[in-house]
Each structure stands twice: as structure tokens, then as C-alpha cells.
>>> print(open('run_37.cif').read())   # mmCIF, C-alpha atoms
data_input
loop_
_atom_site.label_atom_id
_atom_site.label_comp_id
_atom_site.auth_asym_id
_atom_site.auth_seq_id
_atom_site.Cartn_x
_atom_site.Cartn_y
_atom_site.Cartn_z
CA MET V 1 -91.21 43.69 -38.26
CA GLY V 2 -87.95 44.18 -40.18
CA CYS V 3 -85.75 43.04 -37.27
CA GLN V 4 -85.13 39.59 -38.82
CA ARG V 5 -82.98 40.97 -41.61
CA TYR V 6 -80.73 42.78 -39.11
CA GLN V 7 -79.70 39.70 -37.14
CA SER V 8 -76.83 38.74 -39.42
CA TRP V 9 -75.93 42.38 -39.90
CA ILE V 10 -75.42 42.73 -36.15
CA THR V 11 -72.77 40.01 -36.09
CA ASP V 12 -71.05 41.47 -39.13
CA GLU V 13 -71.09 44.93 -37.59
CA ALA V 14 -69.47 43.65 -34.42
CA LEU V 15 -66.83 41.89 -36.50
CA GLY V 16 -66.22 45.05 -38.55
CA ALA V 17 -67.31 43.28 -41.71
CA LEU V 18 -70.51 45.15 -42.53
CA ALA V 19 -70.68 47.47 -45.52
CA LYS V 20 -70.93 51.15 -44.69
CA ASN V 21 -74.40 51.69 -46.18
CA ARG V 22 -75.76 48.70 -44.27
CA GLU V 23 -74.05 49.84 -41.09
CA ARG V 24 -75.82 53.19 -41.32
CA GLU V 25 -79.15 51.45 -41.90
CA LEU V 26 -78.59 49.10 -38.96
CA LEU V 27 -77.63 51.91 -36.58
CA ALA V 28 -80.65 53.91 -37.65
CA HIS V 29 -82.87 50.92 -36.98
CA ALA V 30 -81.23 50.19 -33.62
CA ALA V 31 -81.83 53.76 -32.53
CA GLU V 32 -85.55 53.09 -32.79
CA CYS V 33 -85.71 49.36 -31.89
CA ALA V 34 -84.78 48.49 -28.29
CA ALA V 35 -84.50 44.76 -29.00
CA CYS V 36 -82.03 45.21 -31.86
CA ARG V 37 -80.16 47.85 -29.84
CA ALA V 38 -79.74 45.36 -27.00
CA ALA V 39 -78.70 42.61 -29.40
CA LEU V 40 -76.16 44.92 -31.01
CA ASN V 41 -74.77 45.90 -27.64
CA ARG V 42 -74.49 42.31 -26.47
CA THR V 43 -72.76 41.22 -29.65
CA ARG V 44 -70.28 44.10 -29.47
CA VAL V 45 -69.45 43.34 -25.82
CA LEU V 46 -69.04 39.67 -26.59
CA HIS V 47 -66.66 40.22 -29.48
CA GLN V 48 -64.65 42.77 -27.54
CA ALA V 49 -64.42 40.31 -24.67
CA ILE V 50 -63.30 37.58 -27.05
CA ASP V 51 -60.63 39.84 -28.50
CA LEU V 52 -59.45 40.83 -25.05
CA GLY V 53 -59.42 37.24 -23.89
CA MET V 54 -57.51 36.13 -26.98
CA ALA V 55 -54.99 38.91 -26.58
CA GLU V 56 -54.58 38.10 -22.91
CA THR V 57 -53.96 34.47 -23.76
CA VAL V 58 -51.00 35.21 -25.99
CA SER V 59 -49.72 38.47 -24.53
CA ALA V 60 -47.31 36.99 -22.02
CA GLU V 61 -43.59 37.44 -22.48
CA PRO V 62 -41.23 34.51 -22.31
CA SER V 63 -38.77 34.39 -19.47
CA ALA V 64 -35.42 36.05 -19.97
CA GLU V 65 -33.71 32.66 -19.71
CA LEU V 66 -35.42 31.19 -22.76
CA THR V 67 -32.83 32.39 -25.26
CA ALA V 68 -30.01 31.43 -22.93
CA ARG V 69 -31.42 27.93 -22.56
CA VAL V 70 -31.65 27.56 -26.33
CA ARG V 71 -28.01 28.61 -26.69
CA GLN V 72 -27.00 26.22 -23.94
CA ARG V 73 -28.80 23.36 -25.64
CA ILE V 74 -27.12 24.18 -28.93
CA ALA V 75 -23.72 24.21 -27.21
CA GLU V 76 -24.26 20.83 -25.57
CA PRO V 77 -22.44 17.92 -27.21
CA PRO V 78 -24.75 16.06 -29.54
CA GLU V 79 -26.34 12.92 -28.36
CA PRO V 80 -24.49 10.06 -30.02
CA ALA V 81 -26.47 8.47 -32.79
CA ARG V 82 -25.86 5.02 -31.40
CA ALA V 83 -27.50 6.09 -28.17
CA ARG V 84 -30.53 7.16 -30.16
CA LEU V 85 -30.43 3.90 -32.06
CA ALA V 86 -30.14 1.99 -28.80
CA ALA V 87 -33.53 3.32 -27.84
CA PHE V 88 -34.98 1.53 -30.85
CA PHE V 89 -33.06 -1.70 -30.27
CA PRO V 90 -35.75 -3.59 -28.31
CA ALA V 91 -38.35 -2.77 -30.95
CA VAL V 92 -36.03 -3.80 -33.78
CA ALA V 93 -35.05 -7.02 -32.00
CA GLY V 94 -38.69 -7.85 -31.41
CA ALA V 95 -39.57 -7.19 -35.02
CA LEU V 96 -36.73 -9.41 -36.24
CA ALA V 97 -37.77 -12.22 -33.91
CA LEU V 98 -41.34 -11.93 -35.13
CA ALA V 99 -40.19 -11.97 -38.74
CA ALA V 100 -38.13 -15.10 -38.10
CA LEU V 101 -41.11 -16.83 -36.52
CA LEU V 102 -43.31 -15.84 -39.44
CA ALA V 103 -40.72 -17.10 -41.91
CA LEU V 104 -40.60 -20.45 -40.14
CA TRP V 105 -44.35 -20.68 -40.03
CA LEU V 106 -44.94 -19.63 -43.63
CA ARG V 107 -42.11 -21.62 -45.24
CA PRO V 108 -43.14 -23.91 -48.10
CA GLN V 109 -44.17 -27.35 -46.98
CA ALA V 110 -42.44 -30.43 -48.42
CA PRO V 111 -44.41 -32.13 -51.22
CA PRO V 112 -46.02 -35.46 -50.37
CA ARG V 113 -43.45 -38.16 -50.86
CA PRO V 114 -43.93 -41.63 -52.29
CA PRO V 115 -44.29 -44.36 -49.71
CA GLY V 116 -40.90 -45.83 -50.55
CA ALA V 117 -39.11 -42.58 -50.06
CA ALA V 118 -40.98 -41.64 -46.91
CA THR V 119 -39.01 -44.16 -44.91
CA GLN V 120 -35.67 -43.01 -46.32
CA SER V 121 -35.65 -39.32 -45.71
CA HIS V 122 -31.88 -39.32 -45.44
CA ASP V 123 -31.55 -40.26 -49.08
CA VAL V 124 -32.99 -37.26 -50.84
CA ALA V 125 -33.08 -33.59 -49.94
CA THR V 126 -36.55 -32.26 -50.59
CA ALA V 127 -37.71 -28.88 -51.79
CA GLY V 128 -38.95 -28.03 -48.33
CA GLN V 129 -35.47 -28.36 -46.90
CA ILE V 130 -33.74 -26.17 -49.45
CA PRO V 131 -36.45 -24.09 -51.08
CA SER V 132 -34.17 -21.63 -52.81
CA GLN V 133 -31.39 -23.96 -53.81
CA PRO V 134 -31.50 -25.55 -57.24
CA THR V 135 -29.48 -28.55 -56.08
CA ALA V 136 -30.45 -31.77 -54.41
CA THR V 137 -28.05 -34.14 -52.75
CA ILE V 138 -28.47 -37.86 -53.14
CA HIS V 139 -26.31 -39.72 -50.67
CA ARG V 140 -26.32 -42.97 -52.50
CA PRO V 141 -24.89 -43.90 -55.87
CA PRO V 142 -27.62 -44.89 -58.25
CA ALA V 143 -25.71 -48.02 -59.23
CA GLU V 144 -26.41 -49.46 -55.82
CA LEU V 145 -30.05 -48.67 -56.12
CA LEU V 146 -30.41 -50.34 -59.45
CA ARG V 147 -30.89 -53.97 -59.86
CA ASP V 148 -30.28 -56.23 -62.75
CA SER V 149 -33.24 -57.36 -64.75
CA GLY V 150 -32.97 -60.83 -63.31
CA GLY V 151 -31.15 -60.14 -60.09
CA GLU V 152 -32.17 -59.44 -56.53
CA PRO V 153 -33.21 -56.05 -55.33
CA ALA V 154 -30.34 -53.64 -54.81
CA GLU V 155 -31.62 -52.59 -51.37
CA ALA V 156 -30.58 -55.89 -49.90
CA ASN V 157 -27.09 -55.62 -51.33
CA HIS V 158 -26.87 -52.01 -50.39
CA SER V 159 -27.90 -52.40 -46.80
CA ALA V 160 -25.22 -54.98 -46.34
CA GLY V 161 -22.57 -52.91 -48.02
CA ARG V 162 -23.49 -49.64 -46.40
CA THR V 163 -22.73 -50.82 -42.95
CA GLN V 164 -19.23 -51.85 -43.93
CA ASN V 165 -18.27 -49.23 -46.45
CA PRO V 166 -20.60 -46.22 -46.71
CA ALA V 167 -21.11 -45.04 -50.22
CA PRO V 168 -19.65 -41.59 -50.94
CA ALA V 169 -22.22 -38.79 -51.25
CA PHE V 170 -22.53 -36.95 -54.52
CA GLU V 171 -24.42 -33.88 -55.53
CA VAL V 172 -26.84 -33.53 -58.41
CA LEU V 173 -27.42 -30.07 -59.82
CA VAL V 174 -31.10 -29.65 -60.56
CA PRO V 175 -32.40 -26.75 -62.67
CA PRO V 176 -35.00 -24.60 -60.95
CA GLY V 177 -38.47 -26.09 -61.23
CA GLU V 178 -37.29 -29.63 -61.89
CA LEU V 179 -36.54 -30.65 -58.36
CA GLN V 180 -39.85 -32.44 -58.13
CA ALA V 181 -38.96 -34.62 -61.12
CA VAL V 182 -35.60 -35.49 -59.57
CA VAL V 183 -37.26 -36.37 -56.31
CA GLN V 184 -39.67 -38.66 -58.09
CA PHE V 185 -36.81 -40.26 -59.99
CA ALA V 186 -34.92 -40.88 -56.77
CA ALA V 187 -38.05 -42.31 -55.22
CA ALA V 188 -38.40 -44.63 -58.20
CA LEU V 189 -34.82 -45.73 -57.67
CA ASN V 190 -35.44 -46.37 -54.00
CA SER V 191 -38.56 -48.34 -54.70
CA ALA V 192 -36.55 -50.58 -57.07
CA GLY V 193 -38.82 -49.72 -59.94
CA VAL V 194 -35.99 -49.04 -62.35
CA VAL V 195 -34.05 -51.78 -63.98
CA ARG V 196 -30.37 -50.99 -64.03
CA ALA V 197 -29.60 -52.82 -67.24
CA GLN V 198 -32.37 -51.05 -69.07
CA LEU V 199 -31.31 -47.68 -67.67
CA LYS V 200 -27.72 -48.32 -68.69
CA THR V 201 -28.83 -49.27 -72.13
CA ASN V 202 -30.92 -46.15 -72.43
CA MET V 203 -28.06 -43.98 -71.21
CA GLU V 204 -25.46 -45.56 -73.41
CA GLU V 205 -27.52 -45.77 -76.54
CA PRO V 206 -26.88 -42.23 -77.71
CA ARG V 207 -23.13 -42.79 -77.32
CA THR V 208 -22.93 -45.35 -80.15
CA PRO V 209 -21.68 -43.72 -83.31
CA LEU V 210 -24.24 -43.11 -85.97
CA ASP V 211 -24.01 -44.94 -89.24
CA VAL V 212 -23.55 -42.22 -91.80
CA LYS V 213 -24.80 -43.09 -95.27
CA SER V 214 -24.45 -40.97 -98.33
CA LEU V 215 -27.63 -39.62 -99.79
CA GLU V 216 -28.62 -40.84 -103.22
CA PHE V 217 -30.67 -38.63 -105.48
CA PRO V 218 -32.28 -39.89 -108.74
CA ALA V 219 -31.09 -38.04 -111.86
CA LEU V 220 -33.46 -35.38 -113.07
CA GLU V 221 -34.86 -35.69 -116.57
CA VAL V 222 -34.16 -32.52 -118.50
CA THR V 223 -35.95 -32.07 -121.82
CA LYS V 224 -34.71 -29.72 -124.49
CA LEU V 225 -36.51 -26.40 -124.74
CA GLU V 226 -36.66 -26.46 -128.56
CA GLU V 227 -38.49 -29.76 -128.66
CA ASP V 228 -40.96 -28.55 -126.11
CA HIS V 229 -41.50 -25.33 -128.05
CA SER V 230 -42.15 -27.08 -131.41
CA ALA V 231 -44.43 -29.59 -129.78
CA SER V 232 -46.49 -26.79 -128.22
CA GLU V 233 -46.74 -24.93 -131.54
CA SER V 234 -47.94 -28.01 -133.44
CA GLY V 235 -50.47 -28.63 -130.74
CA SER V 236 -51.87 -25.09 -130.97
CA ARG V 237 -52.33 -25.35 -134.72
CA MET O 1 -18.04 2.44 -37.19
CA ASN O 2 -18.54 4.32 -33.92
CA ALA O 3 -16.51 7.22 -35.22
CA LEU O 4 -18.63 7.29 -38.33
CA VAL O 5 -21.83 7.33 -36.30
CA ASP O 6 -20.50 10.06 -34.02
CA SER O 7 -19.37 12.22 -36.87
CA PHE O 8 -22.74 11.84 -38.57
CA SER O 9 -24.66 12.77 -35.44
CA GLY O 10 -22.33 15.70 -34.84
CA SER O 11 -22.90 17.07 -38.31
CA LEU O 12 -26.59 17.36 -37.60
CA VAL O 13 -26.14 20.07 -35.03
CA SER O 14 -23.24 22.14 -36.25
CA LEU O 15 -23.63 24.98 -38.69
CA ASP O 16 -20.89 26.76 -40.53
CA PRO O 17 -19.91 30.15 -39.04
CA SER O 18 -21.93 32.26 -41.47
CA LEU O 19 -25.06 30.25 -40.77
CA GLU O 20 -24.32 30.44 -37.05
CA ARG O 21 -24.25 34.24 -37.23
CA GLU O 22 -27.43 34.34 -39.26
CA PHE O 23 -29.20 32.08 -36.83
CA GLU O 24 -28.02 34.22 -33.93
CA GLN O 25 -29.76 37.18 -35.53
CA ARG O 26 -32.95 35.19 -35.88
CA LEU O 27 -32.65 33.97 -32.32
CA ALA O 28 -32.61 37.53 -31.05
CA ASP O 29 -36.19 38.31 -32.11
CA SER O 30 -37.89 34.93 -32.52
CA PRO O 31 -38.29 33.45 -29.02
CA THR O 32 -41.28 35.67 -28.20
CA LEU O 33 -43.10 34.59 -31.34
CA ALA O 34 -42.44 30.91 -30.67
CA PHE O 35 -43.41 31.29 -27.03
CA ARG O 36 -46.69 33.06 -27.81
CA VAL O 37 -47.71 30.58 -30.46
CA ALA O 38 -47.05 27.75 -28.02
CA LEU O 39 -48.91 29.62 -25.29
CA GLY O 40 -51.91 30.07 -27.57
CA VAL O 41 -52.09 26.30 -27.95
CA LEU O 42 -51.05 25.14 -24.48
CA ARG O 43 -52.05 28.12 -22.29
CA ASN O 44 -49.41 27.13 -19.80
CA ARG O 45 -46.31 29.27 -19.44
CA ALA O 46 -43.88 26.55 -18.40
CA GLU O 47 -44.94 24.18 -21.15
CA ALA O 48 -44.98 26.99 -23.69
CA GLU O 49 -41.39 27.81 -22.78
CA ASP O 50 -40.37 24.17 -23.18
CA VAL O 51 -42.04 23.98 -26.57
CA ALA O 52 -40.51 27.27 -27.71
CA GLN O 53 -37.07 26.06 -26.64
CA ASP O 54 -37.58 22.79 -28.47
CA ALA O 55 -38.79 24.57 -31.60
CA LEU O 56 -35.86 26.98 -31.62
CA PHE O 57 -33.39 24.15 -31.14
CA ARG O 58 -34.94 22.23 -34.02
CA ALA O 59 -34.85 25.40 -36.09
CA TYR O 60 -31.13 25.68 -35.39
CA ARG O 61 -30.55 22.04 -36.23
CA ASN O 62 -32.37 22.32 -39.57
CA PHE O 63 -31.47 25.90 -40.38
CA HIS O 64 -29.15 24.83 -43.19
CA ARG O 65 -32.10 23.20 -44.96
CA LEU O 66 -34.13 26.41 -45.07
CA ARG O 67 -33.41 27.84 -48.50
CA ASP O 68 -35.43 31.04 -48.24
CA ARG O 69 -34.30 32.64 -44.98
CA GLU O 70 -37.05 35.26 -45.24
CA ARG O 71 -39.48 32.50 -44.43
CA PHE O 72 -37.83 31.78 -41.11
CA ARG O 73 -40.66 33.17 -38.96
CA ALA O 74 -43.34 31.29 -40.89
CA TRP O 75 -41.21 28.15 -40.65
CA LEU O 76 -40.75 28.63 -36.91
CA VAL O 77 -44.49 29.21 -36.38
CA ARG O 78 -45.37 25.98 -38.15
CA MET O 79 -42.74 24.05 -36.23
CA THR O 80 -43.84 25.48 -32.89
CA TRP O 81 -47.47 24.81 -33.67
CA ARG O 82 -46.78 21.17 -34.51
CA ILE O 83 -44.64 20.58 -31.43
CA ALA O 84 -47.29 22.15 -29.20
CA LEU O 85 -50.04 20.01 -30.71
CA ASP O 86 -47.86 16.90 -30.35
CA ARG O 87 -47.35 17.75 -26.70
CA ILE O 88 -51.08 17.99 -26.14
CA ARG O 89 -51.70 14.71 -27.93
CA SER O 90 -48.92 12.86 -26.13
CA ALA O 91 -50.05 14.15 -22.77
CA GLY O 92 -53.64 13.32 -23.60
CA ARG O 93 -54.94 16.03 -21.39
CA ARG O 94 -57.55 18.68 -21.91
CA GLU O 95 -57.01 20.81 -18.82
CA ARG O 96 -54.53 23.51 -19.76
CA ARG O 97 -55.82 26.50 -17.91
CA GLU O 98 -53.75 28.21 -15.24
CA LEU O 99 -56.48 30.31 -13.74
CA ALA O 100 -58.90 29.00 -11.16
CA SER O 101 -62.52 28.57 -12.20
CA ILE O 102 -64.21 31.23 -10.09
CA ASP O 103 -67.22 32.99 -11.53
CA PRO O 104 -67.22 36.63 -10.39
CA GLY O 105 -70.86 37.09 -11.36
CA PRO O 106 -72.58 38.84 -14.26
CA ALA O 107 -70.38 41.24 -16.21
CA ALA O 108 -71.59 44.48 -17.73
CA THR O 109 -68.63 45.41 -19.88
CA ALA O 110 -66.24 43.62 -22.17
CA GLU O 111 -63.39 44.22 -19.72
CA ASP O 112 -65.35 42.69 -16.86
CA LEU O 113 -66.27 39.75 -19.02
CA ALA O 114 -62.72 39.19 -20.22
CA ALA O 115 -61.52 39.25 -16.61
CA SER O 116 -63.94 36.47 -15.73
CA SER O 117 -62.16 33.18 -15.27
CA GLU O 118 -65.27 31.27 -16.29
CA PHE O 119 -65.46 33.23 -19.51
CA ASN O 120 -61.77 32.57 -20.18
CA ARG O 121 -62.16 28.89 -19.44
CA ARG O 122 -65.03 28.62 -21.88
CA LEU O 123 -63.24 30.79 -24.40
CA HIS O 124 -60.25 28.44 -24.32
CA GLY O 125 -62.57 25.46 -24.65
CA ALA O 126 -64.23 27.07 -27.65
CA ILE O 127 -60.82 27.77 -29.23
CA ASP O 128 -59.85 24.14 -28.74
CA GLU O 129 -62.98 23.07 -30.55
CA LEU O 130 -62.19 25.15 -33.61
CA PRO O 131 -60.84 23.42 -36.71
CA GLU O 132 -57.06 23.71 -36.87
CA LYS O 133 -57.08 26.12 -39.79
CA LEU O 134 -59.32 28.55 -37.93
CA ARG O 135 -57.52 28.08 -34.64
CA VAL O 136 -54.07 28.92 -35.90
CA VAL O 137 -55.39 32.04 -37.62
CA ILE O 138 -57.26 33.36 -34.59
CA ILE O 139 -54.25 32.76 -32.31
CA LEU O 140 -51.76 34.41 -34.66
CA ALA O 141 -54.11 37.34 -35.21
CA ALA O 142 -54.39 37.81 -31.45
CA ILE O 143 -50.64 38.25 -31.02
CA GLU O 144 -49.75 41.89 -30.59
CA GLY O 145 -48.59 43.55 -33.78
CA HIS O 146 -50.00 40.90 -36.07
CA ASP O 147 -52.38 42.32 -38.65
CA VAL O 148 -53.99 40.39 -41.49
CA GLN O 149 -50.96 40.93 -43.71
CA GLU O 150 -48.54 39.56 -41.13
CA VAL O 151 -50.73 36.53 -40.43
CA ALA O 152 -50.97 35.86 -44.16
CA ARG O 153 -47.19 36.06 -44.40
CA LEU O 154 -46.66 33.71 -41.47
CA LEU O 155 -49.12 31.15 -42.79
CA GLU O 156 -48.15 31.71 -46.42
CA VAL O 157 -51.77 32.04 -47.52
CA PRO O 158 -53.58 34.93 -49.25
CA GLU O 159 -54.82 37.81 -47.12
CA GLY O 160 -58.40 37.15 -48.23
CA THR O 161 -58.12 33.65 -46.84
CA VAL O 162 -56.92 35.01 -43.52
CA LYS O 163 -59.80 37.50 -43.38
CA SER O 164 -62.43 34.89 -44.08
CA ARG O 165 -60.91 32.49 -41.55
CA ILE O 166 -60.74 35.16 -38.85
CA TYR O 167 -64.36 36.03 -39.54
CA ALA O 168 -65.43 32.37 -39.36
CA ALA O 169 -63.44 31.72 -36.19
CA ARG O 170 -64.78 34.76 -34.33
CA LYS O 171 -68.31 33.98 -35.38
CA ARG O 172 -68.04 30.44 -34.06
CA LEU O 173 -66.52 31.64 -30.81
CA ALA O 174 -69.33 34.17 -30.39
CA GLU O 175 -71.96 31.51 -30.99
CA THR O 176 -70.40 29.30 -28.34
CA LEU O 177 -70.08 32.13 -25.80
CA GLN O 178 -73.51 33.68 -26.25
CA TRP O 179 -74.46 32.65 -22.72
CA ALA O 180 -71.99 35.17 -21.29
CA VAL O 181 -73.91 38.23 -22.54
CA LYS O 182 -77.50 37.10 -22.22
CA ASP O 183 -78.10 39.40 -19.23
CA ILE O 184 -76.55 42.49 -20.74
CA LYS O 185 -79.09 45.16 -21.53
CA ALA O 186 -78.99 47.72 -24.26
CA GLY O 187 -76.30 50.35 -23.75
#
>>> encode(input="run_37.cif", output="C-alpha cells")
Amino acid sequence: MGCQRYQSWITDEALGALAKNRERELLAHAAECAACRAALNRTRVLHQAIDLGMAETVSAEPSAELTARVRQRIAEPPEPARARLAAFFPAVAGALALAALLALWLRPQAPPRPPGAATQSHDVATAGQIPSQPTATIHRPPAELLRDSGGEPAEANHSAGRTQNPAPAFEVLVPPGELQAVVQFAAALNSAGVVRAQLKTNMEEPRTPLDVKSLEFPALEVTKLEEDHSASESGSR
Amino acid sequence: MNALVDSFSGSLVSLDPSLEREFEQRLADSPTLAFRVALGVLRNRAEAEDVAQDALFRAYRNFHRLRDRERFRAWLVRMTWRIALDRIRSAGRRERRELASIDPGPAATAEDLAASSEFNRRLHGAIDELPEKLRVVIILAAIEGHDVQEVARLLEVPEGTVKSRIYAARKRLAETLQWAVKDIKAG
């Protein structure tokens, strides 16, 4: 049976996509084959019904008021932009609140502090408190924190003096990245590990004028070229 | 600040007089196209009118951005198509038919079959299942007066592409709707 080869031709014929020579061959075959004739008829009816159904779906006319309604909408005063923005306000407010919470949660934690400084958090501002600021504020003059090499700890003197006459606060500008070193230095001061006299000596040492001495160079020995030349000639002979 | 906001929002929907006149000309012959495209997607007259109105208003609002005015109809078709699809998605519904589902019995002719509500219901279901590229082509081609050349112009694709897509879409629809003609005998 040659009916198998006509199956795809039947669909193409119904869609109007079959070549003329094939169409003639198919029709000639369908005239003799009842099964292919029925298949061809069914396929044609189906495609015509599809076309009719499609056309029916989109054949309706819009109402006469459609154009008028479009013109009316165009003529209406525009909706103020702030009213449109107001519709987004709850979402924006929620997003900002969430961002603030995240920022608080994700902020850098303060570095672990030395035991001496842990009890005096009012003395030194840590990196966690001002993460983006290159400055740290020390509320106590270092002179009060220092102690003499043979004297008593400054903390005792300071605690007595602070109650009567609080020391003025001063600000130390710290370059970015060196805040940790300053914090450690302040902690060392607080823990009375720095000797004031030694620190003063170290700080003042560069201020003493340098002893400038004139450079002395030994005189160079210059031999005469002629003597060297004659000596070299006698040597070569 | 408020004045600035108001003036900005006002500028979005006001065209200069020459553009206004040009848009008026477009508005005279475009509503039917927008309505039919929306109807092909939604198959509901009231919703199709809403979508067509929305599409035409957006076309007016953005008319000054359209550089090639000859592309207005293609531009409007795309806009209408998108708005109609958005409406379907936002509504989340699949039932868009207006006709009742009453099967009148076996049909002998294409006219009888096309008049069958069951056939139409399944036809619309089969159209919905088509890929978007095939669906838009088959709907535009079904609109009266639209030949392959016009569909190609509206979609801004080659005519050969339109032909092959129409062929593929109709073939798929026929495969889905084979049940409707199983009892038809040879003519």
C-alpha cells in the first residue's frame, strides 16, 4: 500500500502548502482509495473549521465608545507623580527599615580589648564605635596616665583628681589603619605599663640639636704621569 | 518640589500640537486592530476593550518616543499583546470563554463544527497552548484583511518566517482537534 506516503501530503494539501505535482498525485490516489479520501476530507473540514473559529474569535468590532473613552482618558488631568510615588512608600519604607537592621547586624565588631582597657570603656573610642572615622578620642591626658619611674601609679592620682577637676578631653587624629595601634597604646597607658620619664625622654630626644662636625678627608696622593710612564717603559724592556 | 513633580508628571501625557494631530489620525483607524488583538488573547469583549483602551492611552503617552511613525501599528500590536498577556497573568485565570459549553452533537461540515461551542472551547484551549511566537502569528493572520505580508509588517519579521509559523501553528491546532472530525466520512 502506498497510502503511508500520502499522510503528510494530506495535511499539507489542507494547509495549501503542497506542491502542485504532488497535489495532483494525491487527488488521483484519493479518487481510488476510500481511506485516503476520507482522511483528506476530514483534514480539510478540520482546517476550515479552525480558520472559521479563528476568524470568529477576532472578528468582533469594538464598541463605538472605545475611541471616545481613549480621548476622555487623554483629556483627564494627569495623576500627580507624588500620588504614584505614594503607592510605593510603604515598600520603600520597609526596605529602608530592613536595610537599617541589616546594617546594625552586619556592622564590624569591636576588636578584643586588653583586660585593663575593658574596664575603662569611656577612655578610648574603639573602631567598632566609629568604623569610618580615622580619629579616636582619648578623654584623659596621657600625663595623668603616666607614672614616674619610681613613683606611684598614675591611676591613683588620677582617680582622686578626676572627681575634683575633670581632665579636659582631647582628640587624637589617627591615620586609617592605625587605630588598632593607638588603641593598644592607650591600653598600655591605662595599664600603667609605660614609664612617663622614659616616654618623655624618648619624645624629647630628637629635639636636642645635633652636633655638627666637619668632615675630614685624607689628602690624595697624586703621582706624576711622566714618572709612571718611564717606570713602565723600563719595566717592559 | 511639588510643582516640579507635577510639571514632570504633566509632561508625560501632553504632546505638542503637531503630534496631537498625528496621533488623532492614528486613533481613527487603530482601535479595531488593538481590540481584535486583545480579543484574540482574552476572548472576552469587555476585557478586550479595556486592554485596547489602555494600549491606546499608552501609545498616546509614548507617541513622542516613536521615531518611525510608519511602525505605529506594529508598535500598537506589540503593546496590546503585552498588556493582554499581563492581564491574563495577573488575573491568574484560564477561563476566558464567553460561550456556554454545550455540545450540539456530531458535525458534518466545517460550518457546523465551527459553530460548536465545544469545538470553540477546545480550539481556544489549543491556541493558549501554542508557543507565543506561533500564537501571535495565528491570531494576527485570522484578523480580517491580514495576509502574510501584513502580518510580517506588523511583527517586523520576514514573510517566510510568518508562513512557516502559520503552517506550524495550524498543524499543531489540527493535531489537537483531531477528535472533532473522527466521525466524518469521505465526502
>>> atom_distance(input="run_37.cif", atom1="CA of Asn120 in chain O", atom2="CA of Leu85 in chain O")
20.2 Å
>>> resolve_selection(input="run_37.cif", expression="the PyMOL selection byres ((chain V) within 10 of (chain O))", output="ChimeraX atom specification")
/V:11-12,14-17,30,34-84
>>> write_last_selection(input="run_37.cif", atoms="C-alpha atoms", output="CSV table (one decimal), in the coordinates of the input")
chain,number,residue,atom,x,y,z
V,11,THR,CA,-72.8,40.0,-36.1
V,12,ASP,CA,-71.0,41.5,-39.1
V,14,ALA,CA,-69.5,43.6,-34.4
V,15,LEU,CA,-66.8,41.9,-36.5
V,16,GLY,CA,-66.2,45.0,-38.6
V,17,ALA,CA,-67.3,43.3,-41.7
V,30,ALA,CA,-81.2,50.2,-33.6
V,34,ALA,CA,-84.8,48.5,-28.3
V,35,ALA,CA,-84.5,44.8,-29.0
V,36,CYS,CA,-82.0,45.2,-31.9
V,37,ARG,CA,-80.2,47.8,-29.8
V,38,ALA,CA,-79.7,45.4,-27.0
V,39,ALA,CA,-78.7,42.6,-29.4
V,40,LEU,CA,-76.2,44.9,-31.0
V,41,ASN,CA,-74.8,45.9,-27.6
V,42,ARG,CA,-74.5,42.3,-26.5
V,43,THR,CA,-72.8,41.2,-29.6
V,44,ARG,CA,-70.3,44.1,-29.5
V,45,VAL,CA,-69.4,43.3,-25.8
V,46,LEU,CA,-69.0,39.7,-26.6
V,47,HIS,CA,-66.7,40.2,-29.5
V,48,GLN,CA,-64.6,42.8,-27.5
V,49,ALA,CA,-64.4,40.3,-24.7
V,50,ILE,CA,-63.3,37.6,-27.0
V,51,ASP,CA,-60.6,39.8,-28.5
V,52,LEU,CA,-59.4,40.8,-25.0
V,53,GLY,CA,-59.4,37.2,-23.9
V,54,MET,CA,-57.5,36.1,-27.0
V,55,ALA,CA,-55.0,38.9,-26.6
V,56,GLU,CA,-54.6,38.1,-22.9
V,57,THR,CA,-54.0,34.5,-23.8
V,58,VAL,CA,-51.0,35.2,-26.0
V,59,SER,CA,-49.7,38.5,-24.5
V,60,ALA,CA,-47.3,37.0,-22.0
V,61,GLU,CA,-43.6,37.4,-22.5
V,62,PRO,CA,-41.2,34.5,-22.3
V,63,SER,CA,-38.8,34.4,-19.5
V,64,ALA,CA,-35.4,36.0,-20.0
V,65,GLU,CA,-33.7,32.7,-19.7
V,66,LEU,CA,-35.4,31.2,-22.8
V,67,THR,CA,-32.8,32.4,-25.3
V,68,ALA,CA,-30.0,31.4,-22.9
V,69,ARG,CA,-31.4,27.9,-22.6
V,70,VAL,CA,-31.6,27.6,-26.3
V,71,ARG,CA,-28.0,28.6,-26.7
V,72,GLN,CA,-27.0,26.2,-23.9
V,73,ARG,CA,-28.8,23.4,-25.6
V,74,ILE,CA,-27.1,24.2,-28.9
V,75,ALA,CA,-23.7,24.2,-27.2
V,76,GLU,CA,-24.3,20.8,-25.6
V,77,PRO,CA,-22.4,17.9,-27.2
V,78,PRO,CA,-24.8,16.1,-29.5
V,79,GLU,CA,-26.3,12.9,-28.4
V,80,PRO,CA,-24.5,10.1,-30.0
V,81,ALA,CA,-26.5,8.5,-32.8
V,82,ARG,CA,-25.9,5.0,-31.4
V,83,ALA,CA,-27.5,6.1,-28.2
V,84,ARG,CA,-30.5,7.2,-30.2
>>> atom_distance(input="run_37.cif", atom1="CA of Arg165 in chain O", atom2="CA of Leu130 in chain O")
10.9 Å
>>> atom_distance(input="run_37.cif", atom1="CA of Glu70 in chain O", atom2="CA of Val137 in chain O")
20.1 Å
>>> axis_aligned_box(input="run_37.cif", around="range 66-70 of chain V", padding_each_side="3 Å", output="lines of an AutoDock Vina configuration file")
center_x = -32.7
center_y = 30.0
center_z = -24.4
size_x = 11.4
size_y = 10.8
size_z = 9.8
>>> resolve_selection(input="run_37.cif", expression="the PyMOL selection byres ((chain O and resi 155) around 12)", output="PyMOL selection string")
chain O and resi 71-79+81+133-134+136-141+146+148-154+156-159+161-162+165
